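Worksheet: one structure, shown below.
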Amino acid sequence: MSKKLIIGMFGFGVVGQGLYDIIKTKKLNLEIKKFVIKNAHKERKLPAELFTTDPEAILADEEINTVVELIDDADAAYIFTKRALESGKNVVSANKKMIASHLEELAEIQIKHGTSLLYEGAVCGSIPIIRNLEEYYDNELLHSVSGIFNGSSNYILSKIFNEGQRYSEALQKAQELGFAETDPILDVGGYDPKYKLAIVASHAYGIYVDPESILNLGIDKLGDQDIQFAKEKGFKIKLLPLAKEINNNQVVLYVLPKFVGRDNILYNVENENNGVLVKAAFADEQFFYGKGAGGHPTGSAVLSDITALRYGYRYEYKKHLEADQLKYNTDYVLKVYLRYEDEEILKQITFQNISERFYGADFKYVIGEINLKEIIAKRDLINQTGNFIAEIL
Ligand code: HSE
C-alpha cells in the first residue's frame with residue numbers, strides 16, 4: 001500500500017477549493033490536516049479548526065509529510081516551499097512565478113534533502129506538459145515548444161475577436177471567473193506565460209533562465225486598429241510564448257502577441273483553453289489542448305502531482321544532465337508588426353529591414369525584421385501607450 005499523505009495546504013482560493021472538491025469525490029489514502037490562510041475572517045465551507053493563519057502549524061508539524069502550496073504571494077510561497085523541502089516534506093505547488101524564479105536552487109535542495117517538488121499545475125493548468133517533457137520527450141530532440149500558456153489573455157482575445165466585446169469588459173469577466181491573477185497585468189502583460197515558459201525551457205532544454213531576462217510583451221496595448229488589421233487579413237491575435245532551439249546549441253525564449261492564421265492549430269484555441277505545440281525531430285508535431293485556468297482543471301493537475309508523490313515520484317531534470325548543454329541566446333531575428341503613435345520612436349528602433357509601411361492620420365504601422373536583442377533593449381519605448389507590437393509571418 002502506498003504511503004499515507006498527511007497534507008498541510010497553504011491557501012484555499014480558487015485552485016485550493018477546486019482541488020478540495022475533487023479530493024472529496026475520491027477515496028484516496030490522504031488527509032488534509034491543516035489549511036494556512038491569509039484572511040482569518042473569511043467565511044469557509046469547512047470546519048473552522050482546520051484553518052489557521054500561522055505557517056508554523058504546517059511547517060513545524062512533523063506528522064505533515066506533504067505540503068500543497070497554492071498561494072498568490074510568490075515570496076511567501078518560496079519561503080514555505082524551501083523550508084518544507086529542507087525539513088523532509090514533499091511539496092506540490094502551482095506558483096509559476098515562485099518556481100520559475102528559484103528553479104535551480106529548488107532543484108538542488110531536492111537532491112540534497114531527498115525530497116520532491118512537483119508543479120504540473122503551475123504550467124498550463126490541466127495539461128500534463130511537464131510530466132511529458134520529463135518522461136516522454138526525455139530523449140527527443142525538441143525543435144520548439146510554444147502555444148497558449150495563459151487562459152485569461154486568451155479568454156479576452158476570444159471575446160474581442162469572436163464576440164466584439166471591449167477589452168475592459170472581457171478582462172473583468174476573466175477576473176470574475178477566477179482565471180486572472182490578482183494583478184491582471186501579469187496575465188495581459190505576458191508575465192504569467194513567461195514564468196511558465198521558463199519552467200518549460202528547463203524541462204525541454206535543460207537550461208535555467210532567469211525569467212527577468214526573457215522578453216515579454218502582452219496584449220495590454222492592443223487597439224481597435226490592430227484588431228481590424230488582423231481581421232482584414234484573416235488573422236486572430238494570440239499571446240504566444242516560444243522556446244526554440246536555434247543553431248549551435250542555442251535556445252531562444254520570448255513572449256509576444258502573434259498574428260495567427262487559420263492554418264495554425266492555435267487559431268482555434270479559444271477562451272481559457274491552453275494549447276501546447278511541441279515540434280520534435282522524431283515525433284514531429286504534437287499538440288496538447290485543455291483548460292489552462294480555473295479551480296477544477298488546475299486542481300486536477302495538482303491532485304495528479306499529489307498522488308504521484310505516493311509512489312515517490314520526483315522530477316529528474318534529465319535534460320540538465322546531458323553532455324551537450326544548451327545556452328539561452330537572444331540573438332534572433334523575427335518579423336514584427338509595430339503600430340506606433342509618435343514618429344520619433346521609429347528613429348530610435350533599428351529594424352534589419354522594413355517590408356511594409358502604413359501612414360494614416362490615426363493609424364501608423366511598419367512591418368519588418370528586427371533582432372530580439374533590439375526589442376529587449378527598446379522594450380520600454382515599444383511598450384508605451386499608443387504602440388503595439390506583434391509577431392507576424
Ligand atoms: N492567470 C492564469 C491564467 C491562471 O490565466 O492562465 C493559470 O495559471
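In the C-alpha cells, the first chain shown is A, the next is B, and so on; residue numbers restart at 1 for each chain, and ligands run from 1 in the order shown.
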
Using only C-alpha atoms and all ligand atoms, tabulate the residues of chain A lying at most 7 Å from any atom of ligand 1, each with its closest atom pair and that distance in Å to one decimal, by chain and increasing residue number, as a Markdown table.
```
| residue | atom | partner | partner_atom_place_in_ligand_line | distance |
| --- | --- | --- | --- | --- |
| A:Ala122 | CA | ligand 1 | 8 (O) | 6.0 |
| A:Val123 | CA | ligand 1 | 8 (O) | 6.4 |
| A:Cys124 | CA | ligand 1 | 8 (O) | 6.1 |
| A:Gly125 | CA | ligand 1 | 7 (C) | 5.8 |
| A:Phe149 | CA | ligand 1 | 6 (O) | 6.2 |
| A:Asn150 | CA | ligand 1 | 6 (O) | 3.5 |
| A:Gly151 | CA | ligand 1 | 6 (O) | 3.7 |
| A:Ser152 | CA | ligand 1 | 5 (O) | 3.6 |
| A:Ser153 | CA | ligand 1 | 5 (O) | 6.5 |
| A:Phe179 | CA | ligand 1 | 5 (O) | 4.7 |
| A:Ala180 | CA | ligand 1 | 1 (N) | 4.0 |
| A:Glu181 | CA | ligand 1 | 1 (N) | 4.5 |
| A:Asp187 | CA | ligand 1 | 1 (N) | 5.7 |
| A:Asp192 | CA | ligand 1 | 2 (C) | 6.6 |
| A:Glu272 | CA | ligand 1 | 5 (O) | 6.9 |
| A:Gly292 | CA | ligand 1 | 6 (O) | 5.4 |
| A:Ala293 | CA | ligand 1 | 7 (C) | 4.2 |
| A:Gly294 | CA | ligand 1 | 7 (C) | 6.9 |
```

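Using only C-alpha atoms, the contacts of A:Asp138 at a cut-off of 9 Å, with sequence neighbours closer than 2 positions omitted, comprise Asn132, Leu133, Glu134, Glu135, Tyr136, Glu140, Leu141, His203, Ala204, Lys318 and Lys319 of chain A.
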
> Could you pull out all residues of stretch 122-170 of chain A with a DSSP call of strand (DSSP E) and give them as a count of residues only?
Replying inline: 7

>> Here is a test: counting only C-alpha atoms, which residue of A:Leu217, A:Ile58, A:Ile79, A:Val269 is nearest to A:Tyr155?
In response: A:Val269

> Counting only C-alpha atoms, what is within 7 Å of A:Arg310, bar same-chain residues fewer than 3 positions away, as a ChimeraX atom specification?
Replying inline: /A:2-3,307

With C-alpha atoms retained, export the selected residues as a PDB file, in the first residue's frame.
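Output file result01.pdb is given in full below:
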```
ATOM      1  CA  SER A   2       1.198   3.483  -0.793  1.00  0.00           C
ATOM      2  CA  LYS A   3       2.337   5.835   1.937  1.00  0.00           C
ATOM      3  CA  THR A 307      -0.972  11.176  -5.963  1.00  0.00           C
TER       4      THR A 307
END
```

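Nearest residue to A:Gln225, choosing from A:Ile265, A:Leu338, A:Ile382, A:Ile156 and counting only C-alpha atoms: A:Leu338.
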
> Contacts of A:Leu59 at 8 Å or less, counting only C-alpha atoms, minus same-chain residues fewer than 6 places along, as a list of chain:residue names?
Replying inline: A:Phe80, A:Arg83, A:Ala84

>> For A:Tyr205, find every residue with an atom within 9 Å (counting only C-alpha atoms), except residues of its own chain fewer than 4 positions away, and show them as number ranges by chain.
In response: A: 141-142, 200-201, 243, 245, 251, 319-320, 325-327

> What are the DSSP alpha helix (DSSP H) residues of stretch 105-250 of chain A, as JSON, numbers by chain?
Replying inline: {"A": [105, 106, 107, 108, 109, 110, 111, 112, 113, 129, 130, 131, 132, 133, 134, 135, 151, 152, 153, 154, 155, 156, 157, 158, 159, 160, 161, 162, 163, 167, 168, 169, 170, 171, 172, 173, 174, 175, 176, 185, 186, 187, 188, 191, 192, 193, 194, 195, 196, 197, 198, 199, 200, 201, 202, 203, 204, 205, 224, 225, 226, 227, 228, 229, 230, 231, 232]}
